[in-house]
Amino acid sequence: MIVRRLVENLRAQQWLAVVIDLAIVILGVFVGIEVANWNERRQDRQEERRYYQQIIGDLDSDMATLATARERSFINDQSAEFVLSSLADETIVRRQPGRFAMSIVRAGFLYLPQPSRQTYDELISTGNLRLLRAPEMKVAISRYYALFADNRQWDAMVRDQQSQYWSEIAGIVPRPALRSAIRFVEPSLSGPDVSRMVTKARSRPRLPDLVTGMAVHQEWIRRDCERFEVESKALRAMLQRRLATMS
């Protein structure tokens, strides 16, 4: 309607009316653009809050994973200690053959904790990292995930030593007992099975050193878990402060 009236005023050479109509059109376009920009900014802020909240959830998941990794490393370490004691004194194996079978299996387990990266990967892949207005938040989040990535450089070496351990213990535990041990169920073994297990275990010259090496990796895991837990708590607190101050 305004456009039609503007045309009519132009034909009638009603210049004041033309100026007024043009001003109304320009103001309407400007207001429309501003409303659209305001709505886009509002949506961006909602998305920013959502990302911060999701990262906090990921960090909570990370802390639970780190706690699990520490717990498992202690159990695996205890298994390694029992194996070393049993190798030094075969009467221990004969008294507790089921525990030895479980321990020699569990001593070879390693649980390397991985971070929950879903939200961070989404930020990177979609280009939405730009939505995080505070530069210090971008740096802190990127640094946190980079720490995990840097720590993974040793995984190949750790897995190689783990592979050597499993090669060394191959055939020591009878197959039926091995199936139970893998499920963390203490197996029952016959007298002849126990004797063969003791003989085979004591005939593996590298076994004590490999058990000790696996124990070192368990301590390594615990050390890293402690470090990452500190970093995770610090980033979580930083994100919560940021959420509290967002307008």
# chains A, B, ... in the order shown; residues from 1 in each chain; ligands from 1
>>> residues_around(residues="A:Asp155", least_positions_apart="5", cutoff="12 Å", atoms="only C-alpha atoms", output="VMD selection string")
chain A and resid 110 to 114 148 to 150 160 to 162 217 220 to 221
>>> residues_around(residues="A:Arg223", least_positions_apart="5", cutoff="12 Å", atoms="only C-alpha atoms", output="list in words")
Leu66, Ala67, Ala69, Arg70, Ser73, Phe74, Leu112, Pro113, Asn151, Val216, His217, Gln218, Phe228, Glu229 and Val230 of chain A
>>> residues_around(residues="A:Val93", least_positions_apart="6", cutoff="12 Å", atoms="only C-alpha atoms", output="ChimeraX atom specification")
/A:82-87,99-104,173,189,191,193-199,201-202
>>> write_last_selection(atoms="C-alpha atoms", output="PDB file, in the first residue's frame")
ATOM      1  CA  PHE A  82      49.697 -61.598  42.839  1.00  0.00           C
ATOM      2  CA  VAL A  83      51.216 -63.051  39.656  1.00  0.00           C
ATOM      3  CA  LEU A  84      54.706 -61.908  40.659  1.00  0.00           C
ATOM      4  CA  SER A  85      54.286 -63.431  44.126  1.00  0.00           C
ATOM      5  CA  SER A  86      53.002 -66.662  42.584  1.00  0.00           C
ATOM      6  CA  LEU A  87      55.934 -66.884  40.164  1.00  0.00           C
ATOM      7  CA  ARG A  99      42.846 -66.611  41.484  1.00  0.00           C
ATOM      8  CA  PHE A 100      46.144 -67.086  39.660  1.00  0.00           C
ATOM      9  CA  ALA A 101      44.327 -67.839  36.400  1.00  0.00           C
ATOM     10  CA  MET A 102      42.225 -64.694  36.789  1.00  0.00           C
ATOM     11  CA  SER A 103      45.174 -62.570  37.868  1.00  0.00           C
ATOM     12  CA  ILE A 104      47.483 -63.527  35.024  1.00  0.00           C
ATOM     13  CA  VAL A 173      45.795 -70.951  31.433  1.00  0.00           C
ATOM     14  CA  LEU A 189      40.946 -76.268  37.843  1.00  0.00           C
ATOM     15  CA  GLY A 191      45.022 -81.039  39.902  1.00  0.00           C
ATOM     16  CA  ASP A 193      45.620 -78.538  35.103  1.00  0.00           C
ATOM     17  CA  VAL A 194      47.158 -76.706  38.041  1.00  0.00           C
ATOM     18  CA  SER A 195      50.445 -78.587  37.666  1.00  0.00           C
ATOM     19  CA  ARG A 196      50.620 -77.827  33.934  1.00  0.00           C
ATOM     20  CA  MET A 197      49.756 -74.176  34.584  1.00  0.00           C
ATOM     21  CA  VAL A 198      52.538 -73.866  37.169  1.00  0.00           C
ATOM     22  CA  THR A 199      55.074 -75.563  34.912  1.00  0.00           C
ATOM     23  CA  ALA A 201      54.196 -70.166  33.906  1.00  0.00           C
ATOM     24  CA  ARG A 202      57.595 -70.856  35.436  1.00  0.00           C
TER      25      ARG A 202
END
>>> residues_around(residues="stretch 132-135 of chain A", least_positions_apart="5", cutoff="10 Å", atoms="only C-alpha atoms", output="number ranges by chain")
A: 44-45, 47-49, 51-52, 123, 140, 242
>>> write_last_selection(atoms="C-alpha atoms", output="short mmCIF file (atom, residue, chain, number, x, y, z; two decimals), in the first residue's frame")
data_model
loop_
_atom_site.label_atom_id
_atom_site.label_comp_id
_atom_site.auth_asym_id
_atom_site.auth_seq_id
_atom_site.Cartn_x
_atom_site.Cartn_y
_atom_site.Cartn_z
CA ASP A 44 23.35 -17.62 18.60
CA ARG A 45 23.37 -16.92 22.34
CA GLU A 47 23.29 -22.06 20.89
CA GLU A 48 26.32 -20.79 22.80
CA ARG A 49 24.67 -21.64 26.12
CA TYR A 51 27.25 -25.81 23.74
CA TYR A 52 28.63 -24.77 27.12
CA LEU A 123 31.76 -27.27 17.16
CA ALA A 140 40.65 -23.37 27.31
CA ARG A 242 30.84 -18.08 31.91
#
>>> select_by_dssp(residues="stretch 38-234 of chain A", states="alpha helix (DSSP H)", output="short mmCIF file (atom, residue, chain, number, x, y, z; two decimals) with N, CA and C atoms, in the first residue's frame")
data_model
loop_
_atom_site.label_atom_id
_atom_site.label_comp_id
_atom_site.auth_asym_id
_atom_site.auth_seq_id
_atom_site.Cartn_x
_atom_site.Cartn_y
_atom_site.Cartn_z
N TRP A 38 18.61 -9.15 15.46
CA TRP A 38 18.42 -9.40 16.89
C TRP A 38 18.01 -10.84 17.13
N ASN A 39 17.12 -11.34 16.30
CA ASN A 39 16.67 -12.72 16.45
C ASN A 39 17.80 -13.71 16.20
N GLU A 40 18.65 -13.39 15.20
CA GLU A 40 19.80 -14.25 14.92
C GLU A 40 20.78 -14.24 16.09
N ARG A 41 21.03 -13.05 16.66
CA ARG A 41 21.93 -12.96 17.82
C ARG A 41 21.36 -13.73 19.01
N ARG A 42 20.04 -13.62 19.20
CA ARG A 42 19.41 -14.34 20.30
C ARG A 42 19.57 -15.85 20.12
N GLN A 43 19.36 -16.32 18.90
CA GLN A 43 19.53 -17.74 18.62
C GLN A 43 20.99 -18.17 18.81
N ASP A 44 21.92 -17.32 18.41
CA ASP A 44 23.35 -17.62 18.60
C ASP A 44 23.68 -17.75 20.08
N ARG A 45 23.09 -16.85 20.90
CA ARG A 45 23.37 -16.92 22.34
C ARG A 45 22.77 -18.19 22.95
N GLN A 46 21.60 -18.57 22.45
CA GLN A 46 21.01 -19.83 22.93
C GLN A 46 21.89 -21.02 22.56
N GLU A 47 22.40 -20.99 21.32
CA GLU A 47 23.29 -22.06 20.89
C GLU A 47 24.58 -22.06 21.70
N GLU A 48 25.10 -20.88 22.01
CA GLU A 48 26.32 -20.79 22.80
C GLU A 48 26.10 -21.40 24.18
N ARG A 49 24.98 -21.05 24.81
CA ARG A 49 24.67 -21.64 26.12
C ARG A 49 24.55 -23.16 26.00
N ARG A 50 23.85 -23.60 24.95
CA ARG A 50 23.67 -25.05 24.77
C ARG A 50 25.01 -25.76 24.65
N TYR A 51 25.94 -25.19 23.90
CA TYR A 51 27.25 -25.81 23.74
C TYR A 51 28.00 -25.86 25.06
N TYR A 52 27.95 -24.77 25.82
CA TYR A 52 28.63 -24.77 27.12
C TYR A 52 28.04 -25.83 28.04
N GLN A 53 26.71 -25.92 28.06
CA GLN A 53 26.05 -26.91 28.92
C GLN A 53 26.39 -28.33 28.49
N GLN A 54 26.45 -28.55 27.17
CA GLN A 54 26.79 -29.89 26.68
C GLN A 54 28.24 -30.25 27.00
N ILE A 55 29.13 -29.28 26.90
CA ILE A 55 30.53 -29.56 27.23
C ILE A 55 30.66 -29.88 28.72
N ILE A 56 29.89 -29.18 29.56
CA ILE A 56 29.90 -29.50 30.99
C ILE A 56 29.44 -30.96 31.19
N GLY A 57 28.40 -31.37 30.46
CA GLY A 57 27.96 -32.76 30.53
C GLY A 57 29.04 -33.72 30.07
N ASP A 58 29.76 -33.35 29.01
CA ASP A 58 30.87 -34.19 28.53
C ASP A 58 31.97 -34.29 29.57
N LEU A 59 32.24 -33.19 30.26
CA LEU A 59 33.28 -33.19 31.30
C LEU A 59 32.87 -34.07 32.47
N ASP A 60 31.58 -34.04 32.82
CA ASP A 60 31.10 -34.94 33.89
C ASP A 60 31.31 -36.40 33.47
N SER A 61 31.04 -36.69 32.20
CA SER A 61 31.26 -38.04 31.68
C SER A 61 32.75 -38.38 31.72
N ASP A 62 33.60 -37.41 31.39
CA ASP A 62 35.05 -37.63 31.43
C ASP A 62 35.51 -37.98 32.84
N MET A 63 34.99 -37.25 33.84
CA MET A 63 35.42 -37.50 35.22
C MET A 63 34.98 -38.89 35.68
N ALA A 64 33.80 -39.32 35.23
CA ALA A 64 33.36 -40.69 35.56
C ALA A 64 34.25 -41.71 34.88
N THR A 65 34.66 -41.44 33.63
CA THR A 65 35.56 -42.34 32.90
C THR A 65 36.91 -42.41 33.59
N LEU A 66 37.42 -41.28 34.04
CA LEU A 66 38.72 -41.24 34.72
C LEU A 66 38.67 -42.01 36.03
N ALA A 67 37.55 -41.88 36.75
CA ALA A 67 37.40 -42.63 38.00
C ALA A 67 37.39 -44.13 37.73
N THR A 68 36.70 -44.53 36.67
CA THR A 68 36.67 -45.96 36.28
C THR A 68 38.06 -46.45 35.90
N ALA A 69 38.79 -45.63 35.15
CA ALA A 69 40.14 -46.01 34.73
C ALA A 69 41.05 -46.21 35.94
N ARG A 70 40.96 -45.31 36.90
CA ARG A 70 41.78 -45.46 38.12
C ARG A 70 41.42 -46.73 38.87
N GLU A 71 40.12 -46.97 39.02
CA GLU A 71 39.67 -48.16 39.75
C GLU A 71 40.16 -49.43 39.07
N ARG A 72 40.03 -49.49 37.75
CA ARG A 72 40.46 -50.69 37.03
C ARG A 72 41.98 -50.86 37.11
N SER A 73 42.72 -49.75 37.06
CA SER A 73 44.17 -49.85 37.11
C SER A 73 44.63 -50.43 38.44
N PHE A 74 43.95 -50.06 39.54
CA PHE A 74 44.31 -50.61 40.85
C PHE A 74 44.04 -52.12 40.88
N ILE A 75 42.91 -52.54 40.35
CA ILE A 75 42.59 -53.97 40.32
C ILE A 75 43.60 -54.73 39.46
N ASN A 76 43.91 -54.17 38.29
CA ASN A 76 44.90 -54.81 37.42
C ASN A 76 46.27 -54.88 38.08
N ASP A 77 46.61 -53.83 38.81
CA ASP A 77 47.89 -53.78 39.52
C ASP A 77 47.95 -54.86 40.61
N GLN A 78 46.85 -55.02 41.34
CA GLN A 78 46.81 -56.06 42.37
C GLN A 78 46.97 -57.44 41.74
N SER A 79 46.39 -57.61 40.58
CA SER A 79 46.53 -58.89 39.87
C SER A 79 47.99 -59.13 39.50
N ALA A 80 48.66 -58.08 39.03
CA ALA A 80 50.07 -58.20 38.66
C ALA A 80 50.93 -58.57 39.87
N GLU A 81 50.64 -57.95 41.01
CA GLU A 81 51.40 -58.27 42.22
C GLU A 81 51.20 -59.72 42.63
N PHE A 82 49.97 -60.21 42.49
CA PHE A 82 49.70 -61.60 42.84
C PHE A 82 50.44 -62.55 41.90
N VAL A 83 50.50 -62.21 40.62
CA VAL A 83 51.22 -63.05 39.66
C VAL A 83 52.70 -63.10 40.00
N LEU A 84 53.28 -61.94 40.31
CA LEU A 84 54.71 -61.91 40.66
C LEU A 84 54.98 -62.74 41.91
N SER A 85 54.11 -62.63 42.91
CA SER A 85 54.29 -63.43 44.13
C SER A 85 54.16 -64.92 43.82
N SER A 86 53.22 -65.26 42.94
CA SER A 86 53.00 -66.66 42.58
C SER A 86 54.17 -67.24 41.80
N LEU A 87 54.78 -66.42 40.92
CA LEU A 87 55.93 -66.88 40.16
C LEU A 87 57.13 -67.13 41.08
N ALA A 88 57.22 -66.36 42.16
CA ALA A 88 58.32 -66.54 43.10
C ALA A 88 58.07 -67.71 44.05
N GLU A 90 55.60 -71.09 44.00
CA GLU A 90 54.57 -71.86 43.30
C GLU A 90 53.51 -72.43 44.23
N THR A 91 53.79 -72.47 45.53
CA THR A 91 52.76 -72.98 46.45
C THR A 91 51.55 -72.04 46.48
N ILE A 92 51.78 -70.77 46.18
CA ILE A 92 50.67 -69.81 46.13
C ILE A 92 49.71 -70.20 45.01
N VAL A 93 50.28 -70.58 43.86
CA VAL A 93 49.44 -70.99 42.73
C VAL A 93 48.65 -72.23 43.10
N ARG A 94 49.29 -73.17 43.77
CA ARG A 94 48.61 -74.43 44.10
C ARG A 94 47.52 -74.21 45.14
N ARG A 95 47.71 -73.20 46.00
CA ARG A 95 46.67 -72.91 47.00
C ARG A 95 45.50 -72.16 46.38
N PRO A 97 44.68 -71.60 42.68
CA PRO A 97 44.88 -71.67 41.22
C PRO A 97 43.88 -70.82 40.43
N GLY A 98 42.62 -70.76 40.92
CA GLY A 98 41.63 -69.96 40.23
C GLY A 98 41.98 -68.48 40.25
N ARG A 99 42.46 -68.03 41.40
CA ARG A 99 42.85 -66.61 41.48
C ARG A 99 44.05 -66.33 40.60
N PHE A 100 44.98 -67.28 40.53
CA PHE A 100 46.14 -67.09 39.66
C PHE A 100 45.72 -66.99 38.20
N ALA A 101 44.80 -67.86 37.79
CA ALA A 101 44.33 -67.84 36.40
C ALA A 101 43.67 -66.50 36.08
N MET A 102 42.85 -65.99 37.00
CA MET A 102 42.23 -64.69 36.79
C MET A 102 43.25 -63.58 36.79
N SER A 103 44.20 -63.65 37.71
CA SER A 103 45.17 -62.57 37.87
C SER A 103 46.10 -62.46 36.68
N ILE A 104 46.54 -63.59 36.14
CA ILE A 104 47.48 -63.53 35.02
C ILE A 104 46.79 -62.96 33.78
N VAL A 105 45.48 -63.17 33.69
CA VAL A 105 44.71 -62.55 32.60
C VAL A 105 44.52 -61.07 32.86
N ARG A 106 44.09 -60.74 34.06
CA ARG A 106 43.75 -59.34 34.38
C ARG A 106 44.99 -58.45 34.40
N GLN A 118 32.06 -35.42 21.67
CA GLN A 118 30.96 -35.21 20.74
C GLN A 118 30.68 -33.72 20.51
N THR A 119 30.56 -32.97 21.59
CA THR A 119 30.23 -31.55 21.46
C THR A 119 31.37 -30.78 20.81
N TYR A 120 32.59 -31.05 21.23
CA TYR A 120 33.74 -30.34 20.67
C TYR A 120 33.89 -30.65 19.18
N ASP A 121 33.72 -31.91 18.82
CA ASP A 121 33.82 -32.27 17.41
C ASP A 121 32.71 -31.61 16.58
N GLU A 122 31.52 -31.47 17.18
CA GLU A 122 30.44 -30.78 16.48
C GLU A 122 30.78 -29.31 16.27
N LEU A 123 31.35 -28.67 17.28
CA LEU A 123 31.76 -27.27 17.16
C LEU A 123 32.76 -27.09 16.01
N ILE A 124 33.69 -28.02 15.90
CA ILE A 124 34.72 -27.92 14.86
C ILE A 124 34.13 -28.21 13.48
N SER A 125 33.37 -29.30 13.37
CA SER A 125 32.89 -29.73 12.05
C SER A 125 31.86 -28.77 11.46
N THR A 126 31.07 -28.13 12.31
CA THR A 126 30.03 -27.22 11.82
C THR A 126 30.50 -25.78 11.71
N PRO A 135 37.19 -15.37 23.72
CA PRO A 135 38.38 -16.05 23.19
C PRO A 135 39.02 -16.99 24.20
N GLU A 136 39.00 -16.59 25.49
CA GLU A 136 39.65 -17.44 26.51
C GLU A 136 38.94 -18.78 26.66
N MET A 137 37.62 -18.80 26.38
CA MET A 137 36.89 -20.06 26.46
C MET A 137 37.30 -20.98 25.32
N LYS A 138 37.44 -20.42 24.13
CA LYS A 138 37.88 -21.23 22.99
C LYS A 138 39.24 -21.84 23.27
N VAL A 139 40.15 -21.03 23.81
CA VAL A 139 41.51 -21.51 24.10
C VAL A 139 41.47 -22.61 25.14
N ALA A 140 40.70 -22.39 26.22
CA ALA A 140 40.65 -23.37 27.31
C ALA A 140 40.06 -24.70 26.85
N ILE A 141 39.00 -24.65 26.06
CA ILE A 141 38.36 -25.88 25.56
C ILE A 141 39.29 -26.61 24.60
N SER A 142 39.89 -25.88 23.68
CA SER A 142 40.81 -26.51 22.72
C SER A 142 42.01 -27.12 23.43
N ARG A 143 42.52 -26.41 24.43
CA ARG A 143 43.69 -26.91 25.19
C ARG A 143 43.35 -28.20 25.92
N TYR A 144 42.15 -28.28 26.48
CA TYR A 144 41.76 -29.48 27.22
C TYR A 144 41.79 -30.71 26.31
N TYR A 145 41.17 -30.60 25.14
CA TYR A 145 41.12 -31.75 24.24
C TYR A 145 42.47 -32.04 23.60
N ALA A 146 43.29 -31.00 23.44
CA ALA A 146 44.64 -31.21 22.91
C ALA A 146 45.49 -32.01 23.90
N LEU A 147 45.27 -31.81 25.21
CA LEU A 147 46.02 -32.57 26.21
C LEU A 147 45.76 -34.07 26.07
N PHE A 148 44.51 -34.44 25.88
CA PHE A 148 44.18 -35.85 25.66
C PHE A 148 44.83 -36.37 24.39
N ALA A 149 44.74 -35.57 23.33
CA ALA A 149 45.30 -36.00 22.05
C ALA A 149 46.81 -36.20 22.15
N ASP A 150 47.49 -35.27 22.82
CA ASP A 150 48.94 -35.38 22.99
C ASP A 150 49.32 -36.64 23.76
N ASN A 151 48.48 -37.00 24.71
CA ASN A 151 48.78 -38.16 25.54
C ASN A 151 48.64 -39.47 24.78
N ASP A 155 50.28 -44.48 22.91
CA ASP A 155 49.40 -45.65 22.91
C ASP A 155 49.98 -46.82 22.12
N ALA A 156 50.62 -46.53 21.00
CA ALA A 156 51.16 -47.62 20.17
C ALA A 156 52.22 -48.41 20.93
N MET A 157 53.09 -47.68 21.67
CA MET A 157 54.12 -48.36 22.45
C MET A 157 53.49 -49.20 23.55
N VAL A 158 52.49 -48.64 24.23
CA VAL A 158 51.82 -49.36 25.31
C VAL A 158 51.14 -50.62 24.77
N ARG A 159 50.45 -50.48 23.66
CA ARG A 159 49.75 -51.63 23.08
C ARG A 159 50.75 -52.70 22.60
N ASP A 160 51.90 -52.27 22.14
CA ASP A 160 52.92 -53.22 21.71
C ASP A 160 53.40 -54.05 22.89
N GLN A 161 53.66 -53.40 24.01
CA GLN A 161 54.09 -54.14 25.20
C GLN A 161 52.97 -55.04 25.73
N GLN A 162 51.75 -54.56 25.61
CA GLN A 162 50.62 -55.40 26.02
C GLN A 162 50.54 -56.64 25.14
N SER A 163 50.78 -56.46 23.85
CA SER A 163 50.76 -57.59 22.92
C SER A 163 51.85 -58.60 23.28
N GLN A 164 53.03 -58.10 23.65
CA GLN A 164 54.11 -59.00 24.05
C GLN A 164 53.72 -59.80 25.30
N TYR A 165 53.04 -59.13 26.22
CA TYR A 165 52.60 -59.83 27.43
C TYR A 165 51.65 -60.97 27.09
N TRP A 166 50.66 -60.69 26.22
CA TRP A 166 49.69 -61.72 25.89
C TRP A 166 50.33 -62.87 25.12
N SER A 167 51.34 -62.54 24.33
CA SER A 167 52.05 -63.61 23.62
C SER A 167 52.80 -64.50 24.61
N GLU A 168 53.35 -63.87 25.65
CA GLU A 168 54.12 -64.63 26.64
C GLU A 168 53.25 -65.54 27.49
N ILE A 169 52.02 -65.13 27.77
CA ILE A 169 51.17 -65.96 28.65
C ILE A 169 50.30 -66.93 27.85
N ARG A 175 42.11 -73.59 28.36
CA ARG A 175 41.06 -72.88 27.62
C ARG A 175 39.76 -72.70 28.42
N PRO A 176 39.20 -73.71 29.05
CA PRO A 176 37.96 -73.51 29.82
C PRO A 176 38.15 -72.48 30.94
N ALA A 177 39.30 -72.56 31.63
CA ALA A 177 39.57 -71.62 32.71
C ALA A 177 39.76 -70.21 32.15
N LEU A 178 40.36 -70.13 30.97
CA LEU A 178 40.59 -68.83 30.35
C LEU A 178 39.27 -68.13 30.03
N ARG A 179 38.30 -68.90 29.55
CA ARG A 179 36.98 -68.32 29.23
C ARG A 179 36.35 -67.71 30.48
N SER A 180 36.48 -68.40 31.60
CA SER A 180 35.93 -67.86 32.86
C SER A 180 36.70 -66.63 33.31
N ALA A 181 38.02 -66.71 33.21
CA ALA A 181 38.86 -65.61 33.69
C ALA A 181 38.60 -64.33 32.92
N ILE A 182 38.37 -64.47 31.60
CA ILE A 182 38.09 -63.29 30.77
C ILE A 182 36.82 -62.60 31.26
N GLY A 191 43.64 -80.93 39.45
CA GLY A 191 45.02 -81.04 39.90
C GLY A 191 46.01 -81.06 38.75
N PRO A 192 45.80 -81.88 37.72
CA PRO A 192 46.73 -81.90 36.58
C PRO A 192 46.79 -80.54 35.86
N ASP A 193 45.62 -79.85 35.75
CA ASP A 193 45.62 -78.54 35.10
C ASP A 193 46.46 -77.54 35.89
N VAL A 194 46.37 -77.62 37.19
CA VAL A 194 47.16 -76.71 38.04
C VAL A 194 48.64 -76.97 37.85
N SER A 195 49.02 -78.23 37.84
CA SER A 195 50.45 -78.59 37.67
C SER A 195 50.97 -78.09 36.32
N ARG A 196 50.18 -78.30 35.26
CA ARG A 196 50.62 -77.83 33.93
C ARG A 196 50.71 -76.30 33.91
N MET A 197 49.75 -75.64 34.57
CA MET A 197 49.76 -74.18 34.58
C MET A 197 51.00 -73.66 35.30
N VAL A 198 51.35 -74.27 36.42
CA VAL A 198 52.54 -73.87 37.17
C VAL A 198 53.79 -74.09 36.33
N THR A 199 53.88 -75.24 35.72
CA THR A 199 55.07 -75.56 34.91
C THR A 199 55.23 -74.58 33.76
N LYS A 200 54.15 -74.31 33.05
CA LYS A 200 54.23 -73.40 31.91
C LYS A 200 54.57 -71.98 32.35
N ALA A 201 53.94 -71.53 33.44
CA ALA A 201 54.20 -70.17 33.91
C ALA A 201 55.65 -69.99 34.30
N ARG A 202 56.22 -70.98 34.97
CA ARG A 202 57.59 -70.86 35.44
C ARG A 202 58.61 -71.09 34.31
N LEU A 207 58.30 -63.51 31.57
CA LEU A 207 57.02 -63.19 32.20
C LEU A 207 57.16 -62.21 33.38
N PRO A 208 58.09 -62.42 34.33
CA PRO A 208 58.18 -61.46 35.45
C PRO A 208 58.43 -60.03 34.99
N ASP A 209 59.33 -59.87 34.01
CA ASP A 209 59.62 -58.51 33.53
C ASP A 209 58.42 -57.90 32.82
N LEU A 210 57.70 -58.71 32.06
CA LEU A 210 56.53 -58.19 31.35
C LEU A 210 55.41 -57.83 32.32
N VAL A 211 55.25 -58.63 33.38
CA VAL A 211 54.26 -58.30 34.41
C VAL A 211 54.61 -56.97 35.07
N THR A 212 55.89 -56.81 35.38
CA THR A 212 56.35 -55.55 35.98
C THR A 212 56.11 -54.38 35.03
N GLY A 213 56.37 -54.60 33.74
CA GLY A 213 56.15 -53.55 32.75
C GLY A 213 54.69 -53.14 32.67
N MET A 214 53.79 -54.11 32.75
CA MET A 214 52.36 -53.80 32.72
C MET A 214 51.96 -53.01 33.96
N ALA A 215 52.59 -53.32 35.09
CA ALA A 215 52.29 -52.58 36.32
C ALA A 215 52.71 -51.12 36.20
N VAL A 216 53.82 -50.88 35.51
CA VAL A 216 54.26 -49.51 35.27
C VAL A 216 53.20 -48.74 34.48
N HIS A 217 52.62 -49.40 33.49
CA HIS A 217 51.60 -48.73 32.69
C HIS A 217 50.35 -48.44 33.51
N GLN A 218 50.03 -49.30 34.46
CA GLN A 218 48.89 -49.02 35.33
C GLN A 218 49.13 -47.74 36.13
N GLU A 219 50.34 -47.56 36.61
CA GLU A 219 50.67 -46.34 37.36
C GLU A 219 50.65 -45.13 36.44
N TRP A 220 51.09 -45.33 35.23
CA TRP A 220 51.05 -44.27 34.22
C TRP A 220 49.61 -43.81 33.99
N ILE A 221 48.70 -44.77 33.89
CA ILE A 221 47.28 -44.45 33.70
C ILE A 221 46.76 -43.65 34.88
N ARG A 222 47.09 -44.06 36.10
CA ARG A 222 46.62 -43.36 37.29
C ARG A 222 47.16 -41.93 37.33
N ARG A 223 48.42 -41.77 36.98
CA ARG A 223 49.02 -40.43 36.95
C ARG A 223 48.29 -39.54 35.96
N ASP A 224 48.04 -40.07 34.77
CA ASP A 224 47.35 -39.28 33.75
C ASP A 224 45.92 -38.96 34.18
N CYS A 225 45.25 -39.92 34.82
CA CYS A 225 43.88 -39.67 35.28
C CYS A 225 43.83 -38.54 36.29
N GLU A 226 44.79 -38.52 37.19
CA GLU A 226 44.85 -37.44 38.18
C GLU A 226 45.05 -36.09 37.50
N ARG A 227 45.92 -36.06 36.52
CA ARG A 227 46.19 -34.82 35.79
C ARG A 227 44.95 -34.35 35.02
N PHE A 228 44.31 -35.27 34.32
CA PHE A 228 43.15 -34.90 33.51
C PHE A 228 41.96 -34.52 34.39
N GLU A 229 41.86 -35.11 35.55
CA GLU A 229 40.76 -34.76 36.45
C GLU A 229 40.89 -33.31 36.91
N VAL A 230 42.11 -32.89 37.22
CA VAL A 230 42.36 -31.50 37.60
C VAL A 230 41.96 -30.57 36.46
N GLU A 231 42.38 -30.91 35.24
CA GLU A 231 42.07 -30.07 34.08
C GLU A 231 40.56 -30.04 33.81
N SER A 232 39.91 -31.19 33.96
CA SER A 232 38.47 -31.27 33.71
C SER A 232 37.69 -30.42 34.71
N LYS A 233 38.05 -30.50 35.98
CA LYS A 233 37.37 -29.70 37.01
C LYS A 233 37.58 -28.21 36.78
N ALA A 234 38.80 -27.84 36.40
CA ALA A 234 39.10 -26.43 36.16
C ALA A 234 38.29 -25.89 34.98
#
